[in-house]
Structure formats: structure tokens, C-alpha cells
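Structure file protein-v1.cif (mmCIF, C-alpha atoms) follows.
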```
data_coords
#
loop_
_atom_site.label_atom_id
_atom_site.label_comp_id
_atom_site.auth_asym_id
_atom_site.auth_seq_id
_atom_site.Cartn_x
_atom_site.Cartn_y
_atom_site.Cartn_z
CA MET A 1 26.80 86.99 -104.43
CA ASP A 2 25.97 90.60 -103.69
CA LYS A 3 23.48 90.53 -106.57
CA ILE A 4 19.91 91.64 -105.89
CA GLU A 5 17.38 89.07 -107.07
CA SER A 6 13.78 90.20 -107.67
CA TYR A 7 10.71 87.99 -107.48
CA GLU A 8 7.01 88.84 -107.44
CA TYR A 9 7.01 88.46 -103.63
CA GLY A 10 10.10 90.57 -102.91
CA LYS A 11 13.80 91.28 -103.39
CA PHE A 12 16.71 89.29 -101.96
CA VAL A 13 20.45 89.79 -101.68
CA HIS A 14 23.00 87.39 -100.20
CA ILE A 15 26.21 88.73 -98.71
CA MET A 16 29.11 87.21 -96.77
CA ASP A 17 30.39 88.69 -93.53
CA ILE A 18 34.11 88.85 -92.71
CA GLU A 19 33.94 85.44 -91.02
CA GLY A 20 32.43 83.77 -94.10
CA ASN A 21 28.84 83.58 -92.83
CA LYS A 22 26.17 83.96 -95.50
CA ILE A 23 23.57 86.64 -94.73
CA GLU A 24 20.27 87.01 -96.60
CA LEU A 25 18.44 90.32 -96.68
CA TRP A 26 14.84 90.32 -97.85
CA GLU A 27 12.53 93.19 -98.77
CA PRO A 28 9.04 91.71 -99.21
CA ASN A 29 6.49 92.97 -101.72
CA ASP A 30 3.64 93.47 -99.25
CA VAL A 31 0.81 92.85 -101.73
CA GLU A 32 2.24 89.60 -103.11
CA TYR A 33 3.42 88.46 -99.67
CA GLU A 34 -0.11 88.83 -98.30
CA LYS A 35 -1.45 86.77 -101.23
CA LEU A 36 1.17 84.07 -100.59
CA GLY A 37 0.23 83.93 -96.90
CA LYS A 38 -3.47 83.67 -97.67
CA SER A 39 -2.85 80.85 -100.16
CA MET A 40 -1.19 78.90 -97.32
CA ASN A 41 -4.02 79.75 -94.88
CA SER A 42 -1.66 81.93 -92.84
CA LYS A 43 -2.26 85.33 -91.38
CA THR A 44 0.56 87.80 -91.90
CA THR A 45 1.19 90.73 -89.62
CA LYS A 46 3.32 93.84 -89.85
#
```
I need this file expressed as C-alpha cells, please.
Amino acid sequence: MDKIESYEYGKFVHIMDIEGNKIELWEPNDVEYEKLGKSMNSKTTK
């Protein structure tokens, strides 16, 4: 954990809080995220 993973649609990191709960942080790549949404016939908003 605590390792940043990069994909064409964004970056992710998983961390654990002090109670052992897994938390995911995501920074989307806006261009690729829009393409992904359109391919699923979804409209994305910001």
C-alpha cells in the first residue's frame, strides 16, 4: 500500500487509516475519463 498506481484514466493510491480502514484516493485524467464516460454512454460533469 501507499504506492501510487498510474493508469491512462488517472492515478490511484490506497492507504490505511489508524483504525485499519482502506482509503482510496483517485486523481482522474480528465481527457481519458471523458472518453471512458462517452464509451459507456454516460455524461460526466465537473
With the PyMOL selection byres ((chain A and resi 9) around 9) as the selection, what would be picked from this file? Answer as a PyMOL selection string, please. chain A and resi 6-8+10-11+27-36
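Coordinates place atom CA of Phe12 of chain A at a distance of 6.8 Å from atom CA of Glu24 of chain A.
What separates atom CA of Gly37 of chain A from atom CA of Glu5 of chain A is a distance of 20.6 Å.
Put simply, atom CA of Leu25 of chain A is 24.9 Å away from atom CA of Asn41 of chain A.
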Nearest candidate to Asp2 of chain A (options A:Trp26, A:Ser39, A:Ile15, A:Asn21; using only C-alpha atoms): A:Ile15
Can you sort out the box for segment 24-30 of chain A, edges along x, y and z, all listed atoms in, 5 Å on every side, with centre and edge lengths in Å to one decimal, as AutoDock Vina command-line options?
```
--center_x 12.0 --center_y 90.2 --center_z -99.2 --size_x 26.6 --size_y 16.5 --size_z 15.1
```
Using only C-alpha atoms, determine which residues lie at most 9 Å from Ile23 of chain A, disregarding the query and same-chain residues fewer than 3 positions distant; provide the list as a ChimeraX atom specification. /A:13-17
